[in-house]
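Chemist: Just dropping this structure here.
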There are 2 protein chains.
Amino acid sequence: MFLSTSHNKIDLKCRVSIPASFRVNLEKSNESLILFKCLQFKCIEGTTSTRMQAYINAIDELDALSDDAFLLRMMMADSFEIKFDINGRVVIPDTLMNFAELSDKAVFMGIGESFYIWSPSEYENQYMKSKKILKEKGPPKLILKKN
Amino acid sequence: MFLSTSHNKIDLKCRVSIPASFRVNLEKSNESLILFKCLQFKCIEGTTSTRMQAYINAIDELDALSDDAFLLRMMMADSFEIKFDINGRVVIPDTLMNFAELSDKAVFMGIGESFYIWSPSEYENQYMKSKKILKEKGPPKLILKKN
DNA sequence: TGGGATAACATGGGATTTTATGGTAGTCAA
DNA sequence: TTGACTACCATAAAATCCCATGTTATCCCA
């Protein structure tokens, strides 16, 4: 599980340290890391190769001409399998740097099965937005168990 | 897994570098590369010999006289097993160059089990189309389930 | 519980290897 | 003998590896 938030520096080579707890999470299940353009927000989403493989398998189940299949294929095209260096850093591909408007700082936000990488300002926006919704509409009604 | 997108040059001999990550993907499973006319789009589709074998097997499951079987057999007829040169380049057969309207640039787009090779302009069209669908219809249901 | 020793982590920089791509020489067939 | 195709060599740019270092977190023992 990816949990917690941390702020790391992106250097001139677009290298950034993946938070140690996220790395451990990947290592202990022997999975590689996939980064891709988040479909809902202006940020990068990171997840495990197993999870990505599940999406890929799902494509074959869909009508090849459907909109969903089309979007999923595009998602693959905007995804990258990422290698760590010996210090636990990764290089963020240019495409993703631009998409999430990252420059010299990254905010890592664990959300369970995956995590987000935000620019500090976009992170701030989303954080404020969540506080506002919480204030106006109250806490979410969570359904932990079905039937 | 074939992931990510890259733009490579096609030279006068119709040679083009297959992106390194795609090559690694083929090498590590010791598979050869098959290129063929994509059935859905004006592009070349590339995949592994094993997956191509799966297509061939699938034809046998179909009614031999059906239109589907006919189309799939036609697809096989325009498929090529491709050899790499020492630098990881391949020569794109004339038939496929013409079919995908390629000239001096190719866009490689990984879509999981296989990849597409587009002309830059056709790629741009498809990319724009996906943005539009995403905006109008939102992300695929599959994605929303995951968190 | 305090505080020093040790390990882990984040980050910088330089050396080395890969990659993409242009070119040339050799081979085979018409 | 010419033209097409293939194998191989060369090179610049980019990606990757590896070492160094300061800082933070953790451990361990008094």
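Note on naming: chains are A, B, ... as they come in the structure tokens, residues start from 1 per chain, ligands start from 1 in the order shown.
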Using only C-alpha atoms (C1' of nucleotides), which residues sit within 12 Å of A:Ala106 once same-chain residues fewer than 3 positions away are excluded, as a tab-separated table (two decimals) with C-alpha atoms, in the first residue's frame?
Modeler:
chain	number	residue	atom	x	y	z
A	5	THR	CA	2.80	12.42	1.65
A	6	SER	CA	6.33	13.71	1.08
A	7	HIS	CA	8.06	16.56	-0.69
A	8	ASN	CA	11.21	15.74	-2.68
A	9	LYS	CA	13.53	17.67	-4.94
A	10	ILE	CA	13.78	17.17	-8.69
A	11	ASP	CA	17.31	17.85	-9.97
A	14	CYS	CA	14.84	15.23	-13.81
A	15	ARG	CA	15.87	12.77	-11.15
A	16	VAL	CA	13.85	12.42	-7.97
A	17	SER	CA	14.00	10.12	-4.97
A	18	ILE	CA	10.95	7.93	-4.63
A	19	PRO	CA	9.99	7.95	-0.93
A	43	CYS	CA	-0.46	14.95	-12.07
A	44	ILE	CA	1.54	11.78	-12.60
A	92	ILE	CA	10.86	11.38	-14.77
A	97	MET	CA	7.33	16.47	-16.48
A	100	ALA	CA	2.18	17.62	-14.63
A	101	GLU	CA	4.01	20.94	-15.00
A	102	LEU	CA	6.84	19.86	-12.75
A	103	SER	CA	10.09	21.75	-12.39
A	109	MET	CA	0.92	11.46	-2.26
A	116	TYR	CA	0.23	10.74	-7.28
A	117	ILE	CA	3.13	13.08	-8.06
A	118	TRP	CA	2.04	16.74	-8.04
A	119	SER	CA	3.73	20.04	-8.57
A	120	PRO	CA	3.69	21.92	-5.23
A	121	SER	CA	1.21	24.48	-6.52
A	122	GLU	CA	-1.22	21.99	-8.02
A	123	TYR	CA	-0.99	19.93	-4.86
A	124	GLU	CA	-1.87	23.01	-2.84
Chemist: Can you tell me which residues surround D:DG22 at a distance of at most 12 Å, considering only C-alpha atoms (C1' of nucleotides), apart from same-chain residues fewer than 5 positions away, and format the answer as a list in words?
Modeler: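 Here the qualifying residues turn out to be DC9, DA10, DT11 and DG12 of chain C.
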Chemist: Quick check, in Å to one decimal: how far apart do atom CA of B:Asn25 and atom CA of A:Phe99 lie?
Modeler: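 Result for atom CA of B:Asn25 versus atom CA of A:Phe99: 25.9 Å, one decimal.
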Chemist: Extract, using only C-alpha atoms (C1' of nucleotides), all DNA, RNA and protein residues at most 12 Å from C:DG14, discarding same-chain residues fewer than 4 positions from it, and format them as JSON, numbers by chain.
Modeler: {"D": [17, 18, 19, 20]}
Chemist: Could you take the residues named above and write them with all heavy atoms, as a PDB file, in the first residue's frame?
Modeler:
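And here's out_7.pdb as it stands now:
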ATOM      1  P    DC D  17      21.158   1.645 -14.986  1.00  0.00           P
ATOM      2  OP1  DC D  17      20.962   0.211 -15.239  1.00  0.00           O
ATOM      3  OP2  DC D  17      20.237   2.389 -14.116  1.00  0.00           O
ATOM      4  O5'  DC D  17      22.641   1.838 -14.421  1.00  0.00           O
ATOM      5  C5'  DC D  17      23.740   1.431 -15.243  1.00  0.00           C
ATOM      6  C4'  DC D  17      25.031   1.933 -14.617  1.00  0.00           C
ATOM      7  O4'  DC D  17      25.072   3.375 -14.697  1.00  0.00           O
ATOM      8  C3'  DC D  17      25.185   1.563 -13.146  1.00  0.00           C
ATOM      9  O3'  DC D  17      26.414   0.861 -13.000  1.00  0.00           O
ATOM     10  C2'  DC D  17      25.186   2.899 -12.408  1.00  0.00           C
ATOM     11  C1'  DC D  17      25.608   3.885 -13.493  1.00  0.00           C
ATOM     12  N1   DC D  17      25.071   5.274 -13.365  1.00  0.00           N
ATOM     13  C2   DC D  17      25.958   6.362 -13.381  1.00  0.00           C
ATOM     14  O2   DC D  17      27.171   6.147 -13.471  1.00  0.00           O
ATOM     15  N3   DC D  17      25.460   7.613 -13.266  1.00  0.00           N
ATOM     16  C4   DC D  17      24.151   7.805 -13.158  1.00  0.00           C
ATOM     17  N4   DC D  17      23.711   9.067 -13.064  1.00  0.00           N
ATOM     18  C5   DC D  17      23.228   6.708 -13.147  1.00  0.00           C
ATOM     19  C6   DC D  17      23.727   5.467 -13.248  1.00  0.00           C
ATOM     20  P    DC D  18      26.753   0.082 -11.626  1.00  0.00           P
ATOM     21  OP1  DC D  18      27.618  -1.063 -11.975  1.00  0.00           O
ATOM     22  OP2  DC D  18      25.507  -0.123 -10.870  1.00  0.00           O
ATOM     23  O5'  DC D  18      27.644   1.145 -10.840  1.00  0.00           O
ATOM     24  C5'  DC D  18      28.792   1.694 -11.483  1.00  0.00           C
ATOM     25  C4'  DC D  18      29.315   2.851 -10.667  1.00  0.00           C
ATOM     26  O4'  DC D  18      28.473   4.014 -10.859  1.00  0.00           O
ATOM     27  C3'  DC D  18      29.348   2.590  -9.153  1.00  0.00           C
ATOM     28  O3'  DC D  18      30.626   2.960  -8.690  1.00  0.00           O
ATOM     29  C2'  DC D  18      28.261   3.511  -8.615  1.00  0.00           C
ATOM     30  C1'  DC D  18      28.347   4.658  -9.615  1.00  0.00           C
ATOM     31  N1   DC D  18      27.172   5.561  -9.675  1.00  0.00           N
ATOM     32  C2   DC D  18      27.389   6.945  -9.778  1.00  0.00           C
ATOM     33  O2   DC D  18      28.548   7.375  -9.819  1.00  0.00           O
ATOM     34  N3   DC D  18      26.320   7.777  -9.830  1.00  0.00           N
ATOM     35  C4   DC D  18      25.081   7.266  -9.783  1.00  0.00           C
ATOM     36  N4   DC D  18      24.070   8.122  -9.841  1.00  0.00           N
ATOM     37  C5   DC D  18      24.849   5.867  -9.674  1.00  0.00           C
ATOM     38  C6   DC D  18      25.906   5.045  -9.619  1.00  0.00           C
ATOM     39  P    DC D  19      31.202   2.384  -7.285  1.00  0.00           P
ATOM     40  OP1  DC D  19      32.326   1.490  -7.607  1.00  0.00           O
ATOM     41  OP2  DC D  19      30.080   1.920  -6.448  1.00  0.00           O
ATOM     42  O5'  DC D  19      31.801   3.714  -6.620  1.00  0.00           O
ATOM     43  C5'  DC D  19      32.671   4.546  -7.387  1.00  0.00           C
ATOM     44  C4'  DC D  19      32.604   5.964  -6.860  1.00  0.00           C
ATOM     45  O4'  DC D  19      31.322   6.549  -7.198  1.00  0.00           O
ATOM     46  C3'  DC D  19      32.738   6.062  -5.335  1.00  0.00           C
ATOM     47  O3'  DC D  19      33.732   7.024  -5.032  1.00  0.00           O
ATOM     48  C2'  DC D  19      31.351   6.503  -4.869  1.00  0.00           C
ATOM     49  C1'  DC D  19      30.867   7.295  -6.092  1.00  0.00           C
ATOM     50  N1   DC D  19      29.386   7.413  -6.180  1.00  0.00           N
ATOM     51  C2   DC D  19      28.801   8.682  -6.312  1.00  0.00           C
ATOM     52  O2   DC D  19      29.532   9.683  -6.346  1.00  0.00           O
ATOM     53  N3   DC D  19      27.455   8.776  -6.383  1.00  0.00           N
ATOM     54  C4   DC D  19      26.698   7.679  -6.344  1.00  0.00           C
ATOM     55  N4   DC D  19      25.378   7.832  -6.418  1.00  0.00           N
ATOM     56  C5   DC D  19      27.271   6.384  -6.203  1.00  0.00           C
ATOM     57  C6   DC D  19      28.608   6.291  -6.122  1.00  0.00           C
ATOM     58  P    DA D  20      34.149   7.354  -3.518  1.00  0.00           P
ATOM     59  OP1  DA D  20      35.600   7.602  -3.506  1.00  0.00           O
ATOM     60  OP2  DA D  20      33.539   6.327  -2.636  1.00  0.00           O
ATOM     61  O5'  DA D  20      33.392   8.735  -3.265  1.00  0.00           O
ATOM     62  C5'  DA D  20      33.632   9.832  -4.140  1.00  0.00           C
ATOM     63  C4'  DA D  20      32.901  11.046  -3.609  1.00  0.00           C
ATOM     64  O4'  DA D  20      31.482  10.905  -3.893  1.00  0.00           O
ATOM     65  C3'  DA D  20      33.022  11.236  -2.094  1.00  0.00           C
ATOM     66  O3'  DA D  20      33.247  12.616  -1.825  1.00  0.00           O
ATOM     67  C2'  DA D  20      31.680  10.765  -1.548  1.00  0.00           C
ATOM     68  C1'  DA D  20      30.736  11.115  -2.706  1.00  0.00           C
ATOM     69  N9   DA D  20      29.543  10.263  -2.788  1.00  0.00           N
ATOM     70  C8   DA D  20      29.490   8.900  -2.752  1.00  0.00           C
ATOM     71  N7   DA D  20      28.274   8.417  -2.850  1.00  0.00           N
ATOM     72  C5   DA D  20      27.478   9.547  -2.959  1.00  0.00           C
ATOM     73  C6   DA D  20      26.087   9.709  -3.100  1.00  0.00           C
ATOM     74  N6   DA D  20      25.232   8.701  -3.152  1.00  0.00           N
ATOM     75  N1   DA D  20      25.611  10.976  -3.179  1.00  0.00           N
ATOM     76  C2   DA D  20      26.489  11.986  -3.126  1.00  0.00           C
ATOM     77  N3   DA D  20      27.818  11.962  -3.003  1.00  0.00           N
ATOM     78  C4   DA D  20      28.244  10.695  -2.924  1.00  0.00           C
TER      79       DA D  20
END
Chemist: Give me, as a ChimeraX atom specification, the residues of chain A touching chain D, with the criterion being at most 12 Å (counting only C-alpha atoms (C1' of nucleotides)).
Modeler: /A:13-15,83-87,89-93
Chemist: Quick one: contact table of chain B to chain A, 12 Å max, nearest atom pair and distance in Å to one decimal per residue, counting only C-alpha atoms, chain and number order, as JSON lines?
Modeler:
{"residue": "B:Met1", "atom": "CA", "partner": "A:Gln53", "partner_atom": "CA", "distance": 7.7}
{"residue": "B:Phe2", "atom": "CA", "partner": "A:Met76", "partner_atom": "CA", "distance": 7.9}
{"residue": "B:Leu3", "atom": "CA", "partner": "A:Met76", "partner_atom": "CA", "distance": 5.4}
{"residue": "B:Ser4", "atom": "CA", "partner": "A:Ala77", "partner_atom": "CA", "distance": 4.3}
{"residue": "B:Thr5", "atom": "CA", "partner": "A:Ala77", "partner_atom": "CA", "distance": 5.4}
{"residue": "B:Ser6", "atom": "CA", "partner": "A:Ala77", "partner_atom": "CA", "distance": 9.1}
{"residue": "B:Ser21", "atom": "CA", "partner": "A:Glu81", "partner_atom": "CA", "distance": 8.8}
{"residue": "B:Phe22", "atom": "CA", "partner": "A:Glu81", "partner_atom": "CA", "distance": 11.1}
{"residue": "B:Val24", "atom": "CA", "partner": "A:Glu81", "partner_atom": "CA", "distance": 11.9}
{"residue": "B:Asn25", "atom": "CA", "partner": "A:Glu81", "partner_atom": "CA", "distance": 11.2}
{"residue": "B:Cys38", "atom": "CA", "partner": "A:Ala64", "partner_atom": "CA", "distance": 11.7}
{"residue": "B:Leu39", "atom": "CA", "partner": "A:Ala64", "partner_atom": "CA", "distance": 9.9}
{"residue": "B:Gln40", "atom": "CA", "partner": "A:Leu65", "partner_atom": "CA", "distance": 7.3}
{"residue": "B:Phe41", "atom": "CA", "partner": "A:Leu65", "partner_atom": "CA", "distance": 9.9}
{"residue": "B:Arg51", "atom": "CA", "partner": "A:Asp60", "partner_atom": "CA", "distance": 12.0}
{"residue": "B:Val107", "atom": "CA", "partner": "A:Ala77", "partner_atom": "CA", "distance": 10.7}
{"residue": "B:Phe108", "atom": "CA", "partner": "A:Ala77", "partner_atom": "CA", "distance": 8.7}
{"residue": "B:Met109", "atom": "CA", "partner": "A:Ala77", "partner_atom": "CA", "distance": 5.3}
{"residue": "B:Gly110", "atom": "CA", "partner": "A:Ala77", "partner_atom": "CA", "distance": 5.0}
{"residue": "B:Ile111", "atom": "CA", "partner": "A:Arg73", "partner_atom": "CA", "distance": 4.9}
{"residue": "B:Gly112", "atom": "CA", "partner": "A:Ile56", "partner_atom": "CA", "distance": 5.6}
{"residue": "B:Glu113", "atom": "CA", "partner": "A:Ile56", "partner_atom": "CA", "distance": 7.2}
{"residue": "B:Ser114", "atom": "CA", "partner": "A:Arg73", "partner_atom": "CA", "distance": 9.9}
{"residue": "B:Phe115", "atom": "CA", "partner": "A:Ala77", "partner_atom": "CA", "distance": 8.7}
{"residue": "B:Tyr116", "atom": "CA", "partner": "A:Ala77", "partner_atom": "CA", "distance": 9.5}
{"residue": "B:Ile117", "atom": "CA", "partner": "A:Ala77", "partner_atom": "CA", "distance": 11.6}
{"residue": "B:Tyr123", "atom": "CA", "partner": "A:Met74", "partner_atom": "CA", "distance": 10.9}
{"residue": "B:Glu124", "atom": "CA", "partner": "A:Met74", "partner_atom": "CA", "distance": 12.0}
{"residue": "B:Gln126", "atom": "CA", "partner": "A:Met74", "partner_atom": "CA", "distance": 9.0}
{"residue": "B:Tyr127", "atom": "CA", "partner": "A:Met74", "partner_atom": "CA", "distance": 7.6}
{"residue": "B:Met128", "atom": "CA", "partner": "A:Met74", "partner_atom": "CA", "distance": 10.6}
{"residue": "B:Lys129", "atom": "CA", "partner": "A:Phe70", "partner_atom": "CA", "distance": 9.4}
{"residue": "B:Ser130", "atom": "CA", "partner": "A:Leu71", "partner_atom": "CA", "distance": 6.2}
{"residue": "B:Lys131", "atom": "CA", "partner": "A:Leu71", "partner_atom": "CA", "distance": 8.6}
{"residue": "B:Lys132", "atom": "CA", "partner": "A:Leu71", "partner_atom": "CA", "distance": 10.2}
{"residue": "B:Ile133", "atom": "CA", "partner": "A:Asp67", "partner_atom": "CA", "distance": 7.2}
{"residue": "B:Leu134", "atom": "CA", "partner": "A:Leu71", "partner_atom": "CA", "distance": 7.2}
{"residue": "B:Lys135", "atom": "CA", "partner": "A:Gln40", "partner_atom": "CA", "distance": 9.6}
{"residue": "B:Glu136", "atom": "CA", "partner": "A:Asp67", "partner_atom": "CA", "distance": 10.9}
{"residue": "B:Lys137", "atom": "CA", "partner": "A:Asp67", "partner_atom": "CA", "distance": 8.8}
{"residue": "B:Gly138", "atom": "CA", "partner": "A:Gln40", "partner_atom": "CA", "distance": 8.0}
{"residue": "B:Pro139", "atom": "CA", "partner": "A:Leu39", "partner_atom": "CA", "distance": 6.3}
{"residue": "B:Pro140", "atom": "CA", "partner": "A:Asp68", "partner_atom": "CA", "distance": 5.2}
{"residue": "B:Lys141", "atom": "CA", "partner": "A:Asp68", "partner_atom": "CA", "distance": 7.9}
{"residue": "B:Leu142", "atom": "CA", "partner": "A:Tyr55", "partner_atom": "CA", "distance": 7.8}
{"residue": "B:Ile143", "atom": "CA", "partner": "A:Tyr55", "partner_atom": "CA", "distance": 8.3}
{"residue": "B:Leu144", "atom": "CA", "partner": "A:Gln40", "partner_atom": "CA", "distance": 9.6}
{"residue": "B:Lys145", "atom": "CA", "partner": "A:Glu113", "partner_atom": "CA", "distance": 11.2}
{"residue": "B:Lys146", "atom": "CA", "partner": "A:Glu113", "partner_atom": "CA", "distance": 7.6}
{"residue": "B:Asn147", "atom": "CA", "partner": "A:Glu113", "partner_atom": "CA", "distance": 6.4}
Chemist: Let's have the selection written as a short mmCIF file (atom, residue, chain, number, x, y, z; two decimals), in the first residue's frame, with N, CA and C atoms.
Modeler:
data_model
loop_
_atom_site.label_atom_id
_atom_site.label_comp_id
_atom_site.auth_asym_id
_atom_site.auth_seq_id
_atom_site.Cartn_x
_atom_site.Cartn_y
_atom_site.Cartn_z
N MET B 1 5.46 -6.21 -21.90
CA MET B 1 4.62 -5.02 -22.01
C MET B 1 5.25 -3.97 -22.91
N PHE B 2 4.50 -3.52 -23.89
CA PHE B 2 4.96 -2.40 -24.69
C PHE B 2 4.29 -1.14 -24.15
N LEU B 3 5.11 -0.21 -23.64
CA LEU B 3 4.56 1.03 -23.10
C LEU B 3 5.30 2.23 -23.67
N SER B 4 4.70 3.39 -23.53
CA SER B 4 5.29 4.68 -23.88
C SER B 4 5.30 4.98 -25.38
N THR B 5 5.62 6.21 -25.67
CA THR B 5 5.57 6.69 -27.05
C THR B 5 6.91 7.29 -27.43
N SER B 6 7.40 7.02 -28.65
CA SER B 6 8.60 7.74 -29.08
C SER B 6 8.61 8.02 -30.57
N SER B 21 13.26 0.08 -25.38
CA SER B 21 12.44 -0.64 -24.40
C SER B 21 11.58 -1.72 -25.08
N PHE B 22 11.16 -1.48 -26.31
CA PHE B 22 10.40 -2.48 -27.05
C PHE B 22 11.28 -3.67 -27.38
N VAL B 24 14.01 -4.66 -25.81
CA VAL B 24 14.28 -5.42 -24.59
C VAL B 24 13.13 -6.36 -24.29
N ASN B 25 11.94 -5.86 -24.46
CA ASN B 25 10.73 -6.64 -24.22
C ASN B 25 10.69 -7.89 -25.10
N CYS B 38 -2.60 -2.80 -39.36
CA CYS B 38 -3.57 -2.73 -38.28
C CYS B 38 -4.98 -2.81 -38.85
N LEU B 39 -5.86 -3.55 -38.18
CA LEU B 39 -7.23 -3.73 -38.70
C LEU B 39 -8.13 -2.54 -38.42
N GLN B 40 -7.80 -1.78 -37.37
CA GLN B 40 -8.69 -0.68 -36.98
C GLN B 40 -8.26 0.69 -37.48
N PHE B 41 -6.96 0.87 -37.63
CA PHE B 41 -6.46 2.20 -37.94
C PHE B 41 -5.49 2.18 -39.12
N ARG B 51 2.06 -13.83 -29.78
CA ARG B 51 0.72 -13.24 -29.87
C ARG B 51 0.14 -13.43 -31.27
N VAL B 107 6.02 7.38 -35.42
CA VAL B 107 5.69 7.49 -34.01
C VAL B 107 5.37 6.09 -33.49
N PHE B 108 6.17 5.64 -32.52
CA PHE B 108 5.95 4.33 -31.91
C PHE B 108 5.11 4.51 -30.65
N MET B 109 4.02 3.77 -30.59
CA MET B 109 3.09 3.93 -29.48
C MET B 109 2.81 2.58 -28.85
N GLY B 110 3.32 2.36 -27.64
CA GLY B 110 3.11 1.09 -26.96
C GLY B 110 1.69 1.00 -26.42
N ILE B 111 1.00 -0.12 -26.68
CA ILE B 111 -0.37 -0.26 -26.17
C ILE B 111 -0.52 -1.56 -25.40
N GLY B 112 0.54 -1.99 -24.72
CA GLY B 112 0.44 -3.18 -23.88
C GLY B 112 1.00 -4.41 -24.57
N GLU B 113 0.12 -5.23 -25.13
CA GLU B 113 0.57 -6.47 -25.75
C GLU B 113 1.18 -6.24 -27.13
N SER B 114 0.93 -5.05 -27.69
CA SER B 114 1.52 -4.76 -28.99
C SER B 114 1.80 -3.27 -29.10
N PHE B 115 2.25 -2.83 -30.25
CA PHE B 115 2.47 -1.40 -30.44
C PHE B 115 2.06 -0.96 -31.83
N TYR B 116 1.79 0.33 -31.97
CA TYR B 116 1.42 0.90 -33.26
C TYR B 116 2.58 1.73 -33.80
N ILE B 117 2.68 1.80 -35.12
CA ILE B 117 3.60 2.74 -35.76
C ILE B 117 2.76 3.67 -36.65
N TYR B 123 -0.93 10.16 -36.11
CA TYR B 123 -0.80 10.03 -34.65
C TYR B 123 -1.46 11.22 -33.96
N GLU B 124 -1.17 12.38 -34.48
CA GLU B 124 -1.72 13.61 -33.89
C GLU B 124 -3.25 13.56 -33.89
N GLN B 126 -5.22 10.94 -33.85
CA GLN B 126 -5.71 9.98 -32.87
C GLN B 126 -5.55 10.49 -31.45
N TYR B 127 -4.46 11.18 -31.23
CA TYR B 127 -4.19 11.70 -29.89
C TYR B 127 -5.24 12.74 -29.52
N MET B 128 -5.52 13.63 -30.47
CA MET B 128 -6.54 14.65 -30.24
C MET B 128 -7.90 14.03 -29.98
N LYS B 129 -8.17 12.99 -30.77
CA LYS B 129 -9.45 12.29 -30.62
C LYS B 129 -9.59 11.72 -29.20
N SER B 130 -8.49 11.17 -28.69
CA SER B 130 -8.56 10.58 -27.35
C SER B 130 -8.79 11.66 -26.29
N LYS B 131 -8.17 12.82 -26.47
CA LYS B 131 -8.38 13.92 -25.54
C LYS B 131 -9.85 14.32 -25.51
N LYS B 132 -10.42 14.33 -26.70
CA LYS B 132 -11.81 14.75 -26.83
C LYS B 132 -12.74 13.74 -26.13
N ILE B 133 -12.50 12.48 -26.38
CA ILE B 133 -13.34 11.44 -25.76
C ILE B 133 -13.22 11.51 -24.24
N LEU B 134 -11.98 11.68 -23.78
CA LEU B 134 -11.75 11.72 -22.33
C LEU B 134 -12.51 12.88 -21.71
N LYS B 135 -12.50 14.00 -22.40
CA LYS B 135 -13.15 15.20 -21.89
C LYS B 135 -14.67 15.03 -21.86
N GLU B 136 -15.19 14.42 -22.91
CA GLU B 136 -16.64 14.31 -23.02
C GLU B 136 -17.23 13.19 -22.19
N LYS B 137 -16.51 12.08 -22.15
CA LYS B 137 -17.08 10.89 -21.50
C LYS B 137 -16.41 10.52 -20.19
N GLY B 138 -15.28 11.17 -19.88
CA GLY B 138 -14.58 10.82 -18.64
C GLY B 138 -13.78 9.54 -18.80
N PRO B 139 -13.04 9.19 -17.76
CA PRO B 139 -12.18 8.00 -17.83
C PRO B 139 -12.99 6.72 -17.91
N PRO B 140 -12.39 5.64 -18.42
CA PRO B 140 -13.07 4.35 -18.52
C PRO B 140 -13.52 3.86 -17.15
N LYS B 141 -14.60 3.12 -17.10
CA LYS B 141 -15.13 2.62 -15.82
C LYS B 141 -14.10 1.79 -15.07
N LEU B 142 -13.34 1.07 -15.83
CA LEU B 142 -12.29 0.22 -15.27
C LEU B 142 -11.35 1.00 -14.36
N ILE B 143 -11.00 2.19 -14.79
CA ILE B 143 -10.06 3.01 -14.03
C ILE B 143 -10.67 3.49 -12.73
N LEU B 144 -11.95 3.83 -12.79
CA LEU B 144 -12.59 4.37 -11.60
C LEU B 144 -12.72 3.35 -10.49
N LYS B 145 -12.78 2.09 -10.87
CA LYS B 145 -12.93 1.03 -9.89
C LYS B 145 -11.71 0.86 -8.99
N LYS B 146 -10.56 1.25 -9.51
CA LYS B 146 -9.31 0.75 -8.90
C LYS B 146 -8.98 1.29 -7.51
N ASN B 147 -9.38 2.52 -7.18
CA ASN B 147 -8.98 3.04 -5.86
C ASN B 147 -10.02 2.88 -4.78
#
Chemist: Given identical sequences, what C-alpha RMSD separates chain A from chain B after least-squares superposition over all Cα in order?
Modeler: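 The optimal C-alpha superposition leaves an RMSD of 2.1 Å.
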Chemist: Residues of chain C within 9 Å of chain B, counting only C-alpha atoms (C1' of nucleotides) - could you list those as a list in words?
Modeler: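 Close enough to count are DT18, DT19, DA20, DT21 and DG22 of chain C.
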Chemist: Write down as a ChimeraX atom specification the residues of chain B whose backbone DSSP state falls under strand (DSSP E or B).
Modeler: /B:2,5-9,15-17,33-37,44-48,79-82,89-91,105-110,112,114-118
Chemist: B:Thr50: which residues within 9 Å, counting only C-alpha atoms (C1' of nucleotides), same-chain residues fewer than 4 positions away excluded, as a compact mmCIF listing (two decimals) with all heavy atoms, in the first residue's frame?
Modeler:
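Generated file (selection-v6.txt):
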# COMPACT_ATOMS: atom_id res chain seq x y z
N GLU B 31 11.57 -13.56 -28.35
CA GLU B 31 10.56 -13.62 -29.40
C GLU B 31 10.98 -12.76 -30.58
O GLU B 31 11.71 -11.79 -30.43
CB GLU B 31 9.23 -13.11 -28.88
CG GLU B 31 8.77 -13.88 -27.66
CD GLU B 31 7.29 -13.82 -27.52
OE1 GLU B 31 6.63 -14.52 -28.30
OE2 GLU B 31 6.79 -13.08 -26.67
N SER B 32 10.47 -13.13 -31.75
CA SER B 32 10.75 -12.28 -32.89
C SER B 32 9.60 -11.29 -33.07
O SER B 32 8.53 -11.43 -32.49
CB SER B 32 11.00 -13.10 -34.15
OG SER B 32 9.91 -13.93 -34.41
N ALA B 54 -1.39 -16.62 -31.44
CA ALA B 54 -2.71 -16.61 -30.81
C ALA B 54 -3.79 -16.15 -31.79
O ALA B 54 -4.89 -16.70 -31.82
CB ALA B 54 -2.69 -15.70 -29.58
N TYR B 55 -3.45 -15.14 -32.62
CA TYR B 55 -4.40 -14.70 -33.64
C TYR B 55 -4.71 -15.84 -34.60
O TYR B 55 -5.86 -16.08 -34.97
CB TYR B 55 -3.81 -13.54 -34.46
CG TYR B 55 -3.81 -12.20 -33.77
CD1 TYR B 55 -2.67 -11.39 -33.79
CD2 TYR B 55 -4.94 -11.72 -33.12
CE1 TYR B 55 -2.65 -10.15 -33.18
CE2 TYR B 55 -4.93 -10.48 -32.50
CZ TYR B 55 -3.79 -9.69 -32.53
OH TYR B 55 -3.78 -8.48 -31.93
